[in-house]
$ cat protein.pdb   # PDB, C-alpha atoms
ATOM      1  CA  MET A   1      95.442  96.071 119.130
ATOM      2  CA  SER A   2      99.051  95.500 118.214
ATOM      3  CA  LYS A   3     101.202  98.170 116.611
ATOM      4  CA  TYR A   4     101.211  96.093 113.438
ATOM      5  CA  GLY A   5      97.406  95.883 113.446
ATOM      6  CA  VAL A   6      97.162  99.666 113.653
ATOM      7  CA  GLU A   7      99.593 100.088 110.749
ATOM      8  CA  VAL A   8      97.630  97.672 108.589
ATOM      9  CA  LEU A   9      94.340  99.366 109.444
ATOM     10  CA  LYS A  10      95.767 102.720 108.346
ATOM     11  CA  ASP A  11      97.192 101.170 105.186
ATOM     12  CA  LEU A  12      93.806  99.736 104.237
ATOM     13  CA  LYS A  13      92.004 103.002 104.852
ATOM     14  CA  ASP A  14      94.513 104.986 102.818
ATOM     15  CA  SER A  15      94.751 102.756  99.787
ATOM     16  CA  LYS A  16      91.047 101.883  99.460
ATOM     17  CA  ASN A  17      92.071  99.404  96.786
ATOM     18  CA  ARG A  18      91.095  96.205  98.513
ATOM     19  CA  VAL A  19      87.383  96.581  98.953
ATOM     20  CA  MET A  20      87.266  93.588 101.326
ATOM     21  CA  MET A  21      83.753  93.529 102.514
ATOM     22  CA  ASN A  22      81.991  91.299 104.998
ATOM     23  CA  VAL A  23      78.689  91.452 103.162
ATOM     24  CA  ILE A  24      77.471  90.090  99.831
ATOM     25  CA  ASN A  25      74.212  88.635  98.104
ATOM     26  CA  HIS A  26      71.663  88.553  95.207
ATOM     27  CA  ILE A  27      70.172  91.561  93.386
ATOM     28  CA  GLU A  28      67.249  90.902  91.091
ATOM     29  CA  GLN A  29      67.314  94.107  89.087
ATOM     30  CA  ARG A  30      70.932  93.760  88.105
ATOM     31  CA  LYS A  31      70.492  94.473  84.365
ATOM     32  CA  LYS A  32      69.740  98.170  84.776
ATOM     33  CA  PRO A  33      71.467  99.463  87.906
ATOM     34  CA  LYS A  34      70.960 103.091  88.762
ATOM     35  CA  PRO A  35      74.025 104.214  90.671
ATOM     36  CA  SER A  36      74.618 107.244  92.795
ATOM     37  CA  ARG A  37      77.769 109.319  92.416
ATOM     38  CA  ARG A  38      77.494 110.623  95.947
ATOM     39  CA  ARG A  39      79.787 108.765  98.375
ATOM     40  CA  GLN A  40      79.678 105.645  96.271
ATOM     41  CA  TYR A  41      82.148 103.721  98.403
ATOM     42  CA  SER A  42      81.348 104.969 101.913
ATOM     43  CA  ILE A  43      79.749 101.779 103.237
ATOM     44  CA  LEU A  44      82.128  99.561 101.288
ATOM     45  CA  THR A  45      85.118 101.244 102.916
ATOM     46  CA  MET A  46      83.560 100.770 106.336
ATOM     47  CA  ILE A  47      83.093  97.056 105.655
ATOM     48  CA  LEU A  48      86.682  96.802 104.485
ATOM     49  CA  THR A  49      87.909  98.356 107.718
ATOM     50  CA  VAL A  50      85.947  95.915 109.835
ATOM     51  CA  CYS A  51      86.806  92.869 107.694
ATOM     52  CA  ILE A  52      90.578  92.838 107.593
ATOM     53  CA  GLY A  53      91.698  95.905 109.508
ATOM     54  CA  VAL A  54      91.415  94.398 113.003
ATOM     55  CA  PHE A  55      93.819  91.616 113.928
ATOM     56  CA  VAL A  56      93.340  89.211 116.841
ATOM     57  CA  TYR A  57      96.047  86.756 117.811
ATOM     58  CA  ASN A  58      94.952  84.718 120.844
ATOM     59  CA  GLN A  59      95.772  81.150 121.868
ATOM     60  CA  HIS A  60      93.258  79.479 124.170
ATOM     61  CA  SER A  61      92.209  76.040 125.419
ATOM     62  CA  GLU A  62      91.040  73.179 123.198
ATOM     63  CA  LYS A  63      87.356  73.434 124.212
ATOM     64  CA  ASN A  64      84.619  75.107 122.173
ATOM     65  CA  LEU A  65      86.048  74.105 118.789
ATOM     66  CA  LEU A  66      83.989  74.920 115.711
ATOM     67  CA  SER A  67      83.130  72.760 112.695
ATOM     68  CA  SER A  68      82.983  73.766 109.029
ATOM     69  CA  ASN A  69      79.165  73.671 109.221
ATOM     70  CA  ASP A  70      78.946  76.737 111.461
ATOM     71  CA  VAL A  71      79.338  79.303 108.674
ATOM     72  CA  GLN A  72      77.886  79.431 105.190
ATOM     73  CA  ILE A  73      80.245  79.787 102.226
ATOM     74  CA  LEU A  74      79.318  82.177  99.384
ATOM     75  CA  ASP A  75      76.249  83.420 101.251
ATOM     76  CA  GLU A  76      73.977  85.095  98.704
ATOM     77  CA  GLU A  77      72.267  87.273 101.316
ATOM     78  CA  LEU A  78      75.611  88.833 102.174
ATOM     79  CA  LEU A  79      76.353  89.292  98.480
ATOM     80  CA  SER A  80      73.041  91.008  97.904
ATOM     81  CA  MET A  81      73.616  93.467 100.732
ATOM     82  CA  SER A  82      76.955  94.577  99.347
ATOM     83  CA  LEU A  83      75.575  95.100  95.887
ATOM     84  CA  LYS A  84      72.576  97.026  97.163
ATOM     85  CA  LEU A  85      74.826  99.312  99.177
ATOM     86  CA  GLY A  86      76.863  99.956  96.046
ATOM     87  CA  VAL A  87      73.896 100.949  93.879
ATOM     88  CA  ASP A  88      71.319 103.627  94.650
ATOM     89  CA  SER A  89      68.231 102.625  92.640
ATOM     90  CA  THR A  90      66.533 105.956  93.396
ATOM     91  CA  LYS A  91      68.980 107.834  91.157
ATOM     92  CA  GLU A  92      68.985 108.220  87.410
ATOM     93  CA  PRO A  93      71.614 106.306  85.392
ATOM     94  CA  LEU A  94      74.875 108.161  84.856
ATOM     95  CA  ASN A  95      77.075 108.429  81.790
ATOM     96  CA  PRO A  96      78.573 105.202  80.359
ATOM     97  CA  ALA A  97      82.058 105.899  81.714
ATOM     98  CA  PHE A  98      80.841 106.223  85.281
ATOM     99  CA  GLN A  99      78.518 103.261  84.788
ATOM    100  CA  GLU A 100      81.580 101.164  83.959
ATOM    101  CA  ARG A 101      83.189 102.270  87.213
ATOM    102  CA  ILE A 102      80.089 101.123  89.088
ATOM    103  CA  GLU A 103      80.313  97.716  87.424
ATOM    104  CA  GLU A 104      83.965  97.478  88.455
ATOM    105  CA  SER A 105      83.058  98.410  92.009
ATOM    106  CA  LEU A 106      80.409  95.687  92.193
ATOM    107  CA  ASN A 107      82.903  93.159  90.867
ATOM    108  CA  SER A 108      85.234  94.254  93.659
ATOM    109  CA  ALA A 109      82.489  93.526  96.173
ATOM    110  CA  PHE A 110      81.970  90.068  94.704
ATOM    111  CA  GLN A 111      85.683  89.312  94.729
ATOM    112  CA  ALA A 112      85.906  90.509  98.317
ATOM    113  CA  ARG A 113      83.271  87.962  99.297
ATOM    114  CA  ILE A 114      85.282  85.270  97.577
ATOM    115  CA  GLU A 115      88.435  86.407  99.354
ATOM    116  CA  ILE A 116      87.123  86.387 102.903
ATOM    117  CA  ASP A 117      85.366  83.044 102.364
ATOM    118  CA  ALA A 118      88.591  81.698 100.879
ATOM    119  CA  TYR A 119      90.505  82.422 104.094
ATOM    120  CA  TYR A 120      87.950  80.486 106.106
ATOM    121  CA  ALA A 121      87.837  77.467 103.778
ATOM    122  CA  TYR A 122      91.623  77.416 103.363
ATOM    123  CA  ALA A 123      92.221  77.540 107.123
ATOM    124  CA  LEU A 124      89.883  74.599 107.680
ATOM    125  CA  SER A 125      91.587  72.636 104.893
ATOM    126  CA  LYS A 126      94.900  73.076 106.726
ATOM    127  CA  GLY A 127      93.410  71.784 109.968
ATOM    128  CA  ILE A 128      93.621  75.139 111.741
ATOM    129  CA  VAL A 129      91.510  75.241 114.890
ATOM    130  CA  LEU A 130      89.240  78.264 115.311
ATOM    131  CA  ARG A 131      88.507  78.655 119.007
ATOM    132  CA  GLN A 132      85.413  80.305 120.409
ATOM    133  CA  ALA A 133      87.406  82.551 122.721
ATOM    134  CA  ALA A 134      89.224  84.096 119.736
ATOM    135  CA  ILE A 135      85.924  84.585 117.900
ATOM    136  CA  ASP A 136      84.412  86.275 120.957
ATOM    137  CA  GLU A 137      87.352  88.666 121.115
ATOM    138  CA  GLN A 138      87.059  89.420 117.402
ATOM    139  CA  GLU A 139      83.351  90.114 117.869
ATOM    140  CA  ARG A 140      84.146  92.540 120.663
ATOM    141  CA  LEU A 141      86.537  94.474 118.426
ATOM    142  CA  THR A 142      84.129  94.428 115.487
ATOM    143  CA  ARG A 143      81.315  95.670 117.709
ATOM    144  CA  GLU A 144      83.548  98.389 119.097
ATOM    145  CA  HIS A 145      84.337  99.616 115.608
ATOM    146  CA  PHE A 146      80.678  99.424 114.591
ATOM    147  CA  GLU A 147      79.668 101.608 117.532
ATOM    148  CA  SER A 148      82.158 104.227 116.373
ATOM    149  CA  ILE A 149      80.546 104.563 112.932
ATOM    150  CA  SER A 150      76.898 103.677 113.645
ATOM    151  CA  LYS A 151      75.937 107.261 114.474
ATOM    152  CA  ASP A 152      77.273 108.647 111.205
ATOM    153  CA  ALA A 153      74.427 110.434 109.390
ATOM    154  CA  LYS A 154      75.413 109.192 105.923
ATOM    155  CA  PHE A 155      75.775 105.634 107.174
ATOM    156  CA  ILE A 156      72.251 105.748 108.606
ATOM    157  CA  GLU A 157      70.924 107.345 105.411
ATOM    158  CA  ASP A 158      72.431 104.644 103.194
ATOM    159  CA  LEU A 159      71.018 101.865 105.366
ATOM    160  CA  SER A 160      67.646 103.587 105.423
ATOM    161  CA  ARG A 161      67.633 103.593 101.629
ATOM    162  CA  ILE A 162      67.639  99.797 101.640
ATOM    163  CA  ASN A 163      65.265  99.556 104.640
ATOM    164  CA  ILE A 164      67.611  98.169 107.245
ATOM    165  CA  THR A 165      68.498  99.464 110.696
ATOM    166  CA  PRO A 166      72.127  99.791 111.808
ATOM    167  CA  GLU A 167      71.629  97.112 114.458
ATOM    168  CA  LYS A 168      70.149  94.648 111.977
ATOM    169  CA  PHE A 169      72.982  95.422 109.590
ATOM    170  CA  TYR A 170      75.492  94.532 112.281
ATOM    171  CA  GLU A 171      73.769  91.325 113.389
ATOM    172  CA  GLU A 172      73.019  89.937 109.928
ATOM    173  CA  TYR A 173      75.854  91.239 107.760
ATOM    174  CA  MET A 174      78.859  92.049 109.941
ATOM    175  CA  LYS A 175      78.751  89.636 112.857
ATOM    176  CA  PRO A 176      78.705  86.400 110.781
ATOM    177  CA  ASP A 177      82.146  87.125 109.350
ATOM    178  CA  ASN A 178      83.946  87.298 112.697
ATOM    179  CA  ILE A 179      84.877  83.620 112.487
ATOM    180  CA  LYS A 180      86.347  84.199 109.011
ATOM    181  CA  LEU A 181      88.460  87.052 110.314
ATOM    182  CA  VAL A 182      89.812  84.734 112.987
ATOM    183  CA  ALA A 183      90.636  82.215 110.247
ATOM    184  CA  TYR A 184      92.546  84.950 108.395
ATOM    185  CA  ASN A 185      94.437  85.888 111.537
ATOM    186  CA  GLU A 186      95.401  82.276 112.202
ATOM    187  CA  LEU A 187      96.641  81.843 108.635
ATOM    188  CA  LEU A 188      98.730  84.974 108.980
ATOM    189  CA  LYS A 189     100.512  83.516 111.995
ATOM    190  CA  ASP A 190     101.759  80.636 109.860
ATOM    191  CA  TYR A 191     102.638  82.834 106.908
ATOM    192  CA  PHE A 192     104.574  85.342 108.995
ATOM    193  CA  LYS A 193     106.768  82.443 110.080
ATOM    194  CA  LYS A 194     107.001  81.114 106.540
ATOM    195  CA  TYR A 195     108.012  84.537 105.225
ATOM    196  CA  GLU A 196     110.201  85.567 108.114
ATOM    197  CA  GLU A 197     112.961  86.468 105.646
ATOM    198  CA  SER A 198     110.641  88.810 103.775
ATOM    199  CA  PHE A 199     108.176  91.539 104.797
ATOM    200  CA  GLN A 200     104.793  91.128 106.473
ATOM    201  CA  LEU A 201     103.116  92.790 103.505
ATOM    202  CA  HIS A 202     104.457  89.994 101.304
ATOM    203  CA  ALA A 203     103.163  87.368 103.738
ATOM    204  CA  ARG A 204      99.689  88.894 103.569
ATOM    205  CA  PHE A 205      99.620  88.737  99.797
ATOM    206  CA  ALA A 206     101.034  85.220  99.743
ATOM    207  CA  VAL A 207      98.272  83.925 101.988
ATOM    208  CA  LYS A 208      95.714  85.732  99.822
ATOM    209  CA  LYS A 209      96.995  84.059  96.658
ATOM    210  CA  ASP A 210      97.188  80.594  98.182
ATOM    211  CA  ALA A 211      93.745  80.872  99.804
ATOM    212  CA  ILE A 212      92.037  82.129  96.649
ATOM    213  CA  ASP A 213      93.772  79.521  94.475
ATOM    214  CA  TYR A 214      92.492  76.813  96.810
ATOM    215  CA  PHE A 215      89.000  78.252  97.088
ATOM    216  CA  THR A 216      88.438  78.859  93.372
ATOM    217  CA  SER A 217      89.504  75.288  92.608
ATOM    218  CA  GLN A 218      87.129  73.851  95.219
ATOM    219  CA  TYR A 219      84.164  76.148  94.517
ATOM    220  CA  LYS A 220      84.610  76.689  90.796
ATOM    221  CA  GLU A 221      81.041  75.736  89.871
ATOM    222  CA  GLU A 222      79.410  77.788  92.636
ATOM    223  CA  ILE A 223      81.415  80.895  91.696
ATOM    224  CA  SER A 224      80.560  80.443  88.024
ATOM    225  CA  ASN A 225      76.847  80.172  88.832
ATOM    226  CA  LEU A 226      76.920  83.409  90.814
ATOM    227  CA  GLU A 227      78.780  85.185  88.026
ATOM    228  CA  LYS A 228      76.114  84.198  85.520
ATOM    229  CA  LYS A 229      73.178  84.867  87.814
ATOM    230  CA  TYR A 230      74.207  88.376  88.853
ATOM    231  CA  GLN A 231      76.354  89.429  85.890
ATOM    232  CA  LEU A 232      79.496  89.680  88.014
ATOM    233  CA  SER A 233      83.131  88.790  87.376
ATOM    234  CA  SER A 234      85.717  87.110  89.596
ATOM    235  CA  ASN A 235      88.535  88.245  87.285
ATOM    236  CA  PRO A 236      90.682  90.836  89.144
ATOM    237  CA  SER A 237      91.123  92.826  85.927
ATOM    238  CA  ASP A 238      87.366  93.534  85.967
ATOM    239  CA  ALA A 239      87.422  94.995  89.470
ATOM    240  CA  ARG A 240      87.836  98.586  90.550
ATOM    241  CA  SER A 241      91.456  99.418  91.338
ATOM    242  CA  PHE A 242      91.866 102.514  93.477
ATOM    243  CA  ASN A 243      95.610 102.709  93.650
ATOM    244  CA  LYS A 244      97.270 100.930  90.724
ATOM    245  CA  GLN A 245     100.946 101.853  90.379
ATOM    246  CA  TYR A 246     103.825 100.737  88.178
ATOM    247  CA  LYS A 247     107.533 100.101  88.672
ATOM    248  CA  PHE A 248     109.869  99.836  85.694
ATOM    249  CA  GLY A 249     113.516  99.030  86.319
ATOM    250  CA  GLN A 250     116.285  96.485  86.785
ATOM    251  CA  ILE A 251     116.315  93.620  89.277
ATOM    252  CA  VAL A 252     119.220  94.583  91.490
ATOM    253  CA  ALA A 253     119.054  91.926  94.219
ATOM    254  CA  VAL A 254     117.339  88.687  95.234
ATOM    255  CA  GLU A 255     117.372  88.199  98.989
ATOM    256  CA  GLY A 256     115.408  85.635 100.989
ATOM    257  CA  ASP A 257     111.818  85.633  99.764
ATOM    258  CA  ARG A 258     112.027  88.993  97.984
ATOM    259  CA  PHE A 259     113.672  90.810  95.114
ATOM    260  CA  LEU A 260     114.605  94.454  94.595
ATOM    261  CA  VAL A 261     113.812  96.591  91.560
ATOM    262  CA  VAL A 262     115.551  99.949  91.029
ATOM    263  CA  SER A 263     114.703 102.358  88.222
ATOM    264  CA  GLY A 264     117.678 103.742  86.334
ATOM    265  CA  ALA A 265     120.157 101.149  87.587
ATOM    266  CA  LEU A 266     122.913 100.417  85.068
ATOM    267  CA  GLU A 267     123.358  96.726  84.319
ATOM    268  CA  GLU A 268     127.130  96.942  84.379
ATOM    269  CA  LYS A 269     127.035  98.457  87.889
ATOM    270  CA  ILE A 270     124.673  95.924  89.464
ATOM    271  CA  SER A 271     127.275  93.204  90.009
ATOM    272  CA  HIS A 272     129.907  95.631  91.310
ATOM    273  CA  LEU A 273     127.954  97.713  93.830
ATOM    274  CA  PRO A 274     126.002  96.694  96.930
ATOM    275  CA  TYR A 275     122.272  97.199  96.420
ATOM    276  CA  THR A 276     122.159  99.664  99.308
ATOM    277  CA  GLU A 277     124.525 101.930  97.399
ATOM    278  CA  ILE A 278     122.511 101.578  94.194
ATOM    279  CA  ILE A 279     119.332 102.553  96.066
ATOM    280  CA  GLU A 280     121.093 105.564  97.539
ATOM    281  CA  LYS A 281     122.514 106.686  94.208
ATOM    282  CA  LYS A 282     119.241 106.264  92.266
ATOM    283  CA  GLN A 283     117.040 107.345  95.180
ATOM    284  CA  ASN A 284     114.465 104.637  94.592
ATOM    285  CA  GLY A 285     113.899 100.932  95.141
ATOM    286  CA  VAL A 286     110.951  98.573  95.635
ATOM    287  CA  TRP A 287     111.050  95.134  97.262
ATOM    288  CA  PHE A 288     108.619  92.649  95.711
ATOM    289  CA  PRO A 289     107.736  89.096  96.838
ATOM    290  CA  LEU A 290     109.329  86.133  95.063
ATOM    291  CA  HIS A 291     106.168  84.105  95.658
ATOM    292  CA  GLY A 292     104.934  82.782  92.306
ATOM    293  CA  VAL A 293     107.648  84.399  90.169
ATOM    294  CA  LYS A 294     110.858  82.842  91.490
ATOM    295  CA  ASP A 295     111.526  80.946  88.260
ATOM    296  CA  LYS A 296     110.975  84.010  86.075
ATOM    297  CA  ILE A 297     113.349  86.560  87.542
ATOM    298  CA  ALA A 298     117.109  86.999  87.925
ATOM    299  CA  VAL A 299     119.455  89.803  88.857
ATOM    300  CA  GLY A 300     120.012  92.107  85.888
ATOM    301  CA  LYS A 301     116.667  91.472  84.198
ATOM    302  CA  GLN A 302     114.511  94.421  83.271
ATOM    303  CA  VAL A 303     110.898  94.287  84.475
ATOM    304  CA  ASN A 304     107.682  96.264  84.475
ATOM    305  CA  ILE A 305     105.587  95.543  87.582
ATOM    306  CA  THR A 306     102.062  96.535  88.578
ATOM    307  CA  TYR A 307     101.272  96.849  92.294
ATOM    308  CA  THR A 308      98.468  98.282  94.427
ATOM    309  CA  MET A 309      99.765  98.344  98.004
ATOM    310  CA  LYS A 310     103.006  99.390  99.600
ATOM    311  CA  ASP A 311     104.620  99.522 103.018
ATOM    312  CA  ASP A 312     107.235 102.201 103.527
ATOM    313  CA  THR A 313     107.687 101.509 107.238
ATOM    314  CA  ILE A 314     110.538  99.126 106.386
ATOM    315  CA  SER A 315     112.557 101.847 104.670
ATOM    316  CA  GLN A 316     115.759 103.329 105.972
ATOM    317  CA  GLY A 317     116.032 105.561 102.933
ATOM    318  CA  TYR A 318     114.412 105.459  99.505
ATOM    319  CA  ASP A 319     113.191 101.845  99.336
ATOM    320  CA  PHE A 320     109.865 100.311 100.353
ATOM    321  CA  ALA A 321     107.974  97.011 100.066
ATOM    322  CA  ALA A 322     105.019  96.412  97.743
ATOM    323  CA  ASN A 323     102.759  93.621  96.591
ATOM    324  CA  LEU A 324     103.022  92.210  93.089
ATOM    325  CA  ASP A 325      99.893  92.106  90.930
ATOM    326  CA  GLU A 326     101.445  91.656  87.477
ATOM    327  CA  ILE A 327     104.985  91.337  86.128
ATOM    328  CA  GLU A 328     106.339  91.713  82.596
ATOM    329  CA  ILE A 329     109.862  90.579  81.808
ATOM    330  CA  ILE A 330     111.448  92.905  79.240
ATOM    331  CA  GLU A 331     113.653  90.890  76.929
TER     332      GLU A 331
END
$ encode --input "protein.pdb" --output "structure tokens"
Amino acid sequence: MSKYGVEVLKDLKDSKNRVMMNVINHIEQRKKPKPSRRRQYSILTMILTVCIGVFVYNQHSEKNLLSSNDVQILDEELLSMSLKLGVDSTKEPLNPAFQERIEESLNSAFQARIEIDAYYAYALSKGIVLRQAAIDEQERLTREHFESISKDAKFIEDLSRINITPEKFYEEYMKPDNIKLVAYNELLKDYFKKYEESFQLHARFAVKKDAIDYFTSQYKEEISNLEKKYQLSSNPSDARSFNKQYKFGQIVAVEGDRFLVVSGALEEKISHLPYTEIIEKKQNGVWFPLHGVKDKIAVGKQVNITYTMKDDTISQGYDFAANLDEIEIIE
């Protein structure tokens, strides 16, 4: 695995905010879930790690190409598995506040299914070729990771609760998504080139936005039907956020495909000092992607930004890169 792949894997484990799971499907007793407080997100975090944490970038020959009919989109069996792993029906219902958190967590699982399917559909729409050799390599890495966690006592206990063996779990609910992970990896190659003047974190979030925008427009009816059937929401504001953070400050610089926000920067100083000096003086600074907000921002404007992931490996001092979930322009 590349050095970058390792860094991303660690970032995903630490933040826990992007519950990107490879498994999702129907639950018939959805109206009265009975959640368990104990290690609520253990399996979900494992799925997240397998889904997006391993990156494979291989170029091979033109043979063994795959068609769009090889993998099912919005597979309800996968959806059901995620939801069942998130709810322990053997436990008594908890207080309303914690019940709301469970609902948010299940919405996260649903949105994660949408996200990983979106990468696959979006890659095919762009004519990206998914070669069997790359899928085989991804399967090897996924299997390797599965072997490392399959002997965990709590993992076995949780699977036992829903009457499934670890091996069956792998074959039916992890293995099918390998091709979608390859699609994600191939998209990232293009987006890293497209965002070569920005940070890789920004490229990852740009491809997520574009893929989901495409997917939700093409599968609007199917998503709506699942929302109604299982009382789920595809709205990000209804999902569980593990690491929501805020940045309030002045836009100090716009450079390439990114812009810099510094808290405490004086407007009259922005045009007279290099941004590196402003960062050093104020001891803070966050680089956000311009993607989707280019027409809204300008140097000197005051903003309040919500973000959930950051990458401080780019920093030479006090600044770091982050994604952009929401932005408010302060007039």
$ closest_residue --input "protein.pdb" --among "A:Leu124, A:Ile102, A:Ile162, A:Ala322" --to "Tyr246 in chain A" --atoms "only C-alpha atoms"
A:Ala322
$ residues_around --input "protein.pdb" --residues "range 239-244 of chain A" --least-positions-apart "4" --cutoff "6 Å" --atoms "all atoms listed in the file" --output "number ranges by chain"
A: 17, 104-105, 107-108, 307-308
$ closest_residue --input "protein.pdb" --among "A:Val71, A:Asp136, A:Leu232, A:Pro166" --to "Asp152 in chain A" --atoms "all atoms listed in the file"
A:Pro166
$ resolve_selection --input "protein.pdb" --expression "the PyMOL selection byres ((chain A and resi 210) around 12)" --output "list in words"
Glu115, Ala118, Tyr119, Ala121, Tyr122, Ala123, Ser125, Lys126, Leu187, Leu188, Tyr191, Ala203, Arg204, Phe205, Ala206, Val207, Lys208, Lys209, Ala211, Ile212, Asp213, Tyr214, Phe215, Thr216, Ser217, His291 and Gly292 of chain A
$ write_last_selection --input "protein.pdb" --atoms "C-alpha atoms" --output "compact mmCIF listing (two decimals), in the frame of the given file"
# COMPACT_ATOMS: atom_id res chain seq x y z
CA GLU A 115 88.44 86.41 99.35
CA ALA A 118 88.59 81.70 100.88
CA TYR A 119 90.50 82.42 104.09
CA ALA A 121 87.84 77.47 103.78
CA TYR A 122 91.62 77.42 103.36
CA ALA A 123 92.22 77.54 107.12
CA SER A 125 91.59 72.64 104.89
CA LYS A 126 94.90 73.08 106.73
CA LEU A 187 96.64 81.84 108.64
CA LEU A 188 98.73 84.97 108.98
CA TYR A 191 102.64 82.83 106.91
CA ALA A 203 103.16 87.37 103.74
CA ARG A 204 99.69 88.89 103.57
CA PHE A 205 99.62 88.74 99.80
CA ALA A 206 101.03 85.22 99.74
CA VAL A 207 98.27 83.92 101.99
CA LYS A 208 95.71 85.73 99.82
CA LYS A 209 97.00 84.06 96.66
CA ALA A 211 93.74 80.87 99.80
CA ILE A 212 92.04 82.13 96.65
CA ASP A 213 93.77 79.52 94.48
CA TYR A 214 92.49 76.81 96.81
CA PHE A 215 89.00 78.25 97.09
CA THR A 216 88.44 78.86 93.37
CA SER A 217 89.50 75.29 92.61
CA HIS A 291 106.17 84.10 95.66
CA GLY A 292 104.93 82.78 92.31
$ resolve_selection --input "protein.pdb" --expression "the PyMOL selection byres ((chain A and resi 249) around 7)" --output "tab-separated table (two decimals) with C-alpha atoms, in the coordinates of the input"
chain	number	residue	atom	x	y	z
A	247	LYS	CA	107.53	100.10	88.67
A	248	PHE	CA	109.87	99.84	85.69
A	250	GLN	CA	116.28	96.48	86.78
A	251	ILE	CA	116.32	93.62	89.28
A	261	VAL	CA	113.81	96.59	91.56
A	262	VAL	CA	115.55	99.95	91.03
A	263	SER	CA	114.70	102.36	88.22
A	264	GLY	CA	117.68	103.74	86.33
A	302	GLN	CA	114.51	94.42	83.27
A	303	VAL	CA	110.90	94.29	84.48
A	304	ASN	CA	107.68	96.26	84.48
$ residues_around --input "protein.pdb" --residues "Glu268 in chain A" --least-positions-apart "3" --cutoff "12 Å" --atoms "only C-alpha atoms" --output "list in words"
Gln250, Val252, Gly264, Ala265, Ser271, His272, Leu273, Ile278, Val299, Gly300 and Lys301 of chain A
$ closest_residue --input "protein.pdb" --among "A:Tyr120, A:Tyr318, A:Phe288, A:Tyr173" --to "Ser82 in chain A" --atoms "all atoms listed in the file"
A:Tyr173
$ residues_around --input "protein.pdb" --residues "Leu74 in chain A" --least-positions-apart "4" --cutoff "12 Å" --atoms "only C-alpha atoms" --output "PyMOL selection string"
chain A and resi 22-26+78-80+110-118+120-121+177+215-216+219-227
$ closest_residue --input "protein.pdb" --among "A:Ala109, A:Lys194, A:Leu85, A:Ile305" --to "Asn235 in chain A" --atoms "only C-alpha atoms"
A:Ala109
$ atom_distance --input "protein.pdb" --atom1 "CA of Asp257 in chain A" --atom2 "CA of Leu290 in chain A"
5.3 Å
$ resolve_selection --input "protein.pdb" --expression "the PyMOL selection byres ((chain A and resi 319) around 9)" --output "list in words"
Leu260, Val262, Ile279, Glu280, Gln283, Asn284, Gly285, Val286, Trp287, Asp312, Ile314, Ser315, Gln316, Gly317, Tyr318, Phe320 and Ala321 of chain A
$ atom_distance --input "protein.pdb" --atom1 "CA of Tyr230 in chain A" --atom2 "CA of Arg161 in chain A"
20.9 Å
$ atom_distance --input "protein.pdb" --atom1 "CA of Lys282 in chain A" --atom2 "CA of Gln200 in chain A"
25.3 Å
